[in-house]
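Enquirer: Before anything else, here's the structure in question.
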Amino acid sequence: MARNIEIKARIDSVERVALIAAKLADSGPIEIAQDDTFFRCDNNADRLKLRTFAPDRAELIFYRRANSSSPKESFYLISPTTTPDALRESLTLAWGQAGRVRKQRRLFIVGRTRVHLDRVEGLGEFLELEVVLEDGEPAEVGTAEAHALMAQLGIASEQLVQGAYVDLLQAA
């Protein structure tokens, strides 16, 4: 399993933040359309989603992350698939769907951090930062990097939100 530190913030404009991110980025932007189907999990910190990019390209992603608005550690495992429709049907029959999230993502890479600028159907615009941690690296190091990048991007702690997009959609 891989680890990272994640934060999510509601932003006023993807375009405003993209201008800053472009100046800081080592690579990007990459535009990615994503259709995420979430499946029920017993533990409320666990998530299982099928992220579809194309009819023959998707990833099944399991992750565990606390539901808090501050930067938090996330553990995840990604399994690629070329049969997303069949896998979605199997998982729906076995576990039931918890929701679906469609978004347009703009990805920048800043050092070891993935900067996601998301336009989420039914929710609005968001920033997600994922600081990829090395094996054995303390979470505090990644948290400090996330806070520093937030400051550079002009993101205040009051903008941070908790939970996954699927949770925000269900609450709306």
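Just remember, in the structure tokens the first chain shown is A, the second B, etc., residues are 1-based per chain, and ligands are 1-based in the order shown.
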Write out as a list in words which residues come within 6 Å of Gln97 of chain A when counting only C-alpha atoms, dropping same-chain ones fewer than 5 positions away.

Expert: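 The neighbour list is Phe38, Phe39, Arg40 and Thr92 of chain A.
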
Enquirer: Between A:Glu128, A:Tyr165, A:Gln152, A:Leu48, which is the closest to Ala21 of chain A once you count only C-alpha atoms?

Expert: A:Gln152

Enquirer: Which value, in Å to one decimal, gives the distance between atom CA of Arg16 of chain A and atom CA of Glu158 of chain A?

Expert: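 Here the two named atoms are 17.8 Å from each other.
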
Enquirer: Please return as a ChimeraX atom specification: the residues of chain A that backbone DSSP assigns to alpha helix (DSSP H).

Expert: /A:14-24,84-95,139-153,165-171

Enquirer: I need the residue nearest Lys23 of chain A from this list: A:Asp46, A:Phe108, A:Ile5, A:Val101. Use only C-alpha atoms for the distance.

Expert: A:Phe108

Enquirer: Check the smallest atom-to-atom distance from each of A:Asp42, A:Asp167, A:Asp36, A:Glu6 to Trp95 of chain A using only C-alpha atoms, then report the winner.

Expert: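 Of all the options, A:Asp42 lies closest to Trp95 of chain A.
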
Enquirer: Between atom CA of Gly122 of chain A and atom CA of Leu24 of chain A, what is the distance, to one decimal in Å?

Expert: 29.3 Å

Enquirer: Show me a table, sorted first by chain and then by increasing residue number, of the residues of segment 85-160 of chain A having an atom at most 10 Å from segment 60-74 of chain A, each with its shortest atom pair and the distance in Å to one decimal, counting only C-alpha atoms and written as JSON lines.

Expert:
{"residue": "A:Leu87", "atom": "CA", "partner": "A:Leu60", "partner_atom": "CA", "distance": 8.8}
{"residue": "A:Arg88", "atom": "CA", "partner": "A:Leu60", "partner_atom": "CA", "distance": 9.4}
{"residue": "A:Leu129", "atom": "CA", "partner": "A:Pro71", "partner_atom": "CA", "distance": 9.0}
{"residue": "A:Glu130", "atom": "CA", "partner": "A:Ser74", "partner_atom": "CA", "distance": 9.1}
{"residue": "A:Val131", "atom": "CA", "partner": "A:Glu73", "partner_atom": "CA", "distance": 9.3}
{"residue": "A:Val132", "atom": "CA", "partner": "A:Ser74", "partner_atom": "CA", "distance": 9.6}
{"residue": "A:Leu133", "atom": "CA", "partner": "A:Glu73", "partner_atom": "CA", "distance": 9.2}
{"residue": "A:Pro138", "atom": "CA", "partner": "A:Glu73", "partner_atom": "CA", "distance": 9.9}
{"residue": "A:Ala139", "atom": "CA", "partner": "A:Glu73", "partner_atom": "CA", "distance": 6.6}
{"residue": "A:Glu140", "atom": "CA", "partner": "A:Glu73", "partner_atom": "CA", "distance": 9.3}
{"residue": "A:Gly142", "atom": "CA", "partner": "A:Glu73", "partner_atom": "CA", "distance": 8.7}
{"residue": "A:Thr143", "atom": "CA", "partner": "A:Pro71", "partner_atom": "CA", "distance": 6.0}
{"residue": "A:Ala144", "atom": "CA", "partner": "A:Pro71", "partner_atom": "CA", "distance": 9.1}
{"residue": "A:Ala146", "atom": "CA", "partner": "A:Pro71", "partner_atom": "CA", "distance": 7.3}
{"residue": "A:His147", "atom": "CA", "partner": "A:Pro71", "partner_atom": "CA", "distance": 8.1}
{"residue": "A:Ser157", "atom": "CA", "partner": "A:Ser70", "partner_atom": "CA", "distance": 7.9}
{"residue": "A:Glu158", "atom": "CA", "partner": "A:Ser69", "partner_atom": "CA", "distance": 9.2}
{"residue": "A:Gln159", "atom": "CA", "partner": "A:Ser69", "partner_atom": "CA", "distance": 9.0}
{"residue": "A:Leu160", "atom": "CA", "partner": "A:Ser69", "partner_atom": "CA", "distance": 5.4}

Enquirer: List the spatial neighbours of Asp135 of chain A as a ChimeraX atom specification - criterion: any atom at most 10 Å away, only C-alpha atoms, same-chain residues fewer than 5 positions off excluded.

Expert: /A:1-3

Enquirer: Run DSSP on the backbone and tell me which residues of chain A come out as strand (DSSP E or B); list them as a PyMOL selection string.

Expert: chain A and resi 2-10+27-39+46-54+57-65+72-81+97-110+113-120+124-132+160

Enquirer: Just how far from atom CA of Arg10 of chain A is atom CA of Ala148 of chain A, in Å to one decimal?

Expert: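 Going from atom CA of Ala148 of chain A over to atom CA of Arg10 of chain A, I get 17.4 Å.
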
Enquirer: From the list A:Leu117, A:Met150, A:Ile32, A:Leu93, which residue is nearest Thr52 of chain A when using only C-alpha atoms?

Expert: A:Ile32
